[in-house]
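Reviewing the structure listed below.
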Amino acid sequence: MDHRRASAKRSPSLSRLQRHVQQIGIGGPFRDTPRERRQRARALEYTLGLLVPGERKSRQPSAGRVPSAQYEAIQQFITDSPWDWEETQGRLIDLMAREATGPEGLLAIDDIPLIKQGTKRPGVHRQYCGVIGQVGNCQALVDAVYLLPGNALHRETLGWCFGIDLYLPKAWAEDPERCREAGIPIPVPGFTR
């Protein structure tokens with residue numbers, strides 16, 4: 001059987017994913033104005049593009065996986081649309097707590113290193129980078145993931161991320177001008193990894 005067909009049979013349908021994403025209320029509460037209806041549509045398209053199978057999860061390939069999505073509209077939504085991420089994250093945690101938890105579940109906290117060039121991107125610093133196994137120029141994201149081990153019905157472990165944040169090295173946290181230039185809100189709490 002063709003690998004793409006096998007993958008398509010195992011992957012959830014776009015309409016099924018869309019129902020789940022709408023249940024979460026991606027993008028937070030929107031009033032019923034034309035502008036906010038467009039924001040809600042872009043939030044849904046962007047989220048679906050990240051969830052459907054595909055190798056790269058950046059904006060352009062993600063937008064290409066959703067028939068109604070347009071890259072420029074997704075780009076504008078991500079960079080310019082205000083939305084309440086904390087409320088959306090809270091809705092997601094509530095939904096997943098109802099749908100996908102159990103007494104065997106556990107919490108895993110880990111860092112995700114992202115190799116980066118330059119010094120202007122938020123959090124980029126010479127620090128230990130697990131991807132290359134040494135100190136290098138990278139960003140680090142810290143995530144909290146809930147893991148539910150598989151059972152007789154579902155052999156694979158289920159995992160869902162309910163929190164992720166950019167780790168900001170001390171050199172960044174102590175430089176308000178650098179943070180301001182990178183769009184990082186001031187004051188910045190300092191944390192250690």
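Chain labels run A, B, ... following the order of the structure tokens; each chain numbers its residues from 1, and ligands are numbered from 1 in the order shown.
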- Any idea what's packed within 8 Å of range 50-56 of chain A, counting only C-alpha atoms, ignoring anything in its chain fewer than 2 positions away? Could you give it as a list in words?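 Once the nearby chain positions are removed, what remains is Ser11, Pro12, Leu14, Leu17, Tyr46, Thr47, Leu48, Ser58, Pro61, Ser62 and Arg65 of chain A.
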- Residues within 8 Å of range 139-152 of chain A, only C-alpha atoms, excluding chain neighbours under 4 positions, as an MDAnalysis selection string: chainID A and resid 100:102 104:116 122:125 156:168
For the selection you just gave me, I'd like the residues written to a file as a PDB file, in the first residue's frame, keeping C-alpha atoms.
```
ATOM      1  CA  ALA A 100      -7.487  12.347  28.270  1.00  0.00           C
ATOM      2  CA  THR A 101      -6.333  11.827  31.846  1.00  0.00           C
ATOM      3  CA  GLY A 102      -6.094   8.904  34.237  1.00  0.00           C
ATOM      4  CA  GLU A 104      -1.463   6.471  35.732  1.00  0.00           C
ATOM      5  CA  GLY A 105      -0.754   9.847  34.123  1.00  0.00           C
ATOM      6  CA  LEU A 106       2.383  11.803  34.892  1.00  0.00           C
ATOM      7  CA  LEU A 107       3.857  15.223  34.301  1.00  0.00           C
ATOM      8  CA  ALA A 108       7.086  15.659  32.340  1.00  0.00           C
ATOM      9  CA  ILE A 109       8.947  18.964  32.290  1.00  0.00           C
ATOM     10  CA  ASP A 110      11.639  19.325  29.672  1.00  0.00           C
ATOM     11  CA  ASP A 111      13.468  21.872  27.611  1.00  0.00           C
ATOM     12  CA  ILE A 112      13.402  22.066  23.838  1.00  0.00           C
ATOM     13  CA  PRO A 113      16.537  23.595  22.324  1.00  0.00           C
ATOM     14  CA  LEU A 114      16.209  25.481  19.046  1.00  0.00           C
ATOM     15  CA  ILE A 115      19.469  26.225  17.240  1.00  0.00           C
ATOM     16  CA  LYS A 116      19.498  29.881  16.166  1.00  0.00           C
ATOM     17  CA  PRO A 122      14.327  36.645  21.969  1.00  0.00           C
ATOM     18  CA  GLY A 123      16.303  34.393  24.301  1.00  0.00           C
ATOM     19  CA  VAL A 124      19.061  33.452  21.837  1.00  0.00           C
ATOM     20  CA  HIS A 125      22.215  32.926  23.864  1.00  0.00           C
ATOM     21  CA  GLU A 156       0.647   4.108  22.443  1.00  0.00           C
ATOM     22  CA  THR A 157       1.318   6.649  25.157  1.00  0.00           C
ATOM     23  CA  LEU A 158      -0.906   9.700  24.898  1.00  0.00           C
ATOM     24  CA  GLY A 159       0.783  13.014  25.528  1.00  0.00           C
ATOM     25  CA  TRP A 160      -0.376  16.598  25.406  1.00  0.00           C
ATOM     26  CA  CYS A 161       1.489  19.785  26.109  1.00  0.00           C
ATOM     27  CA  PHE A 162      -0.349  22.101  28.467  1.00  0.00           C
ATOM     28  CA  GLY A 163       2.318  24.706  28.983  1.00  0.00           C
ATOM     29  CA  ILE A 164       5.306  26.010  27.087  1.00  0.00           C
ATOM     30  CA  ASP A 165       7.372  29.130  27.553  1.00  0.00           C
ATOM     31  CA  LEU A 166      10.569  30.672  26.311  1.00  0.00           C
ATOM     32  CA  TYR A 167      13.437  30.355  28.763  1.00  0.00           C
ATOM     33  CA  LEU A 168      15.095  33.739  29.036  1.00  0.00           C
TER      34      LEU A 168
END
```
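Picture a line from CA of Gly118 in chain A to CA of Ala182 in chain A; it runs 12.5 Å.
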- Message: From a backbone DSSP assignment, name each residue in range 5-157 of chain A labelled alpha helix (DSSP H), as a ChimeraX atom specification.
- Response: /A:5-10,14-24,34-51,59-64,71-80,85-99
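The closest residue to Gln39 in chain A, picked from A:Asp80, A:Leu95, A:Cys138, A:Gly130 and counting only C-alpha atoms, is A:Asp80.
Straight-line separation from CA of Pro187 in chain A to CA of Gln76 in chain A: 27.0 Å.
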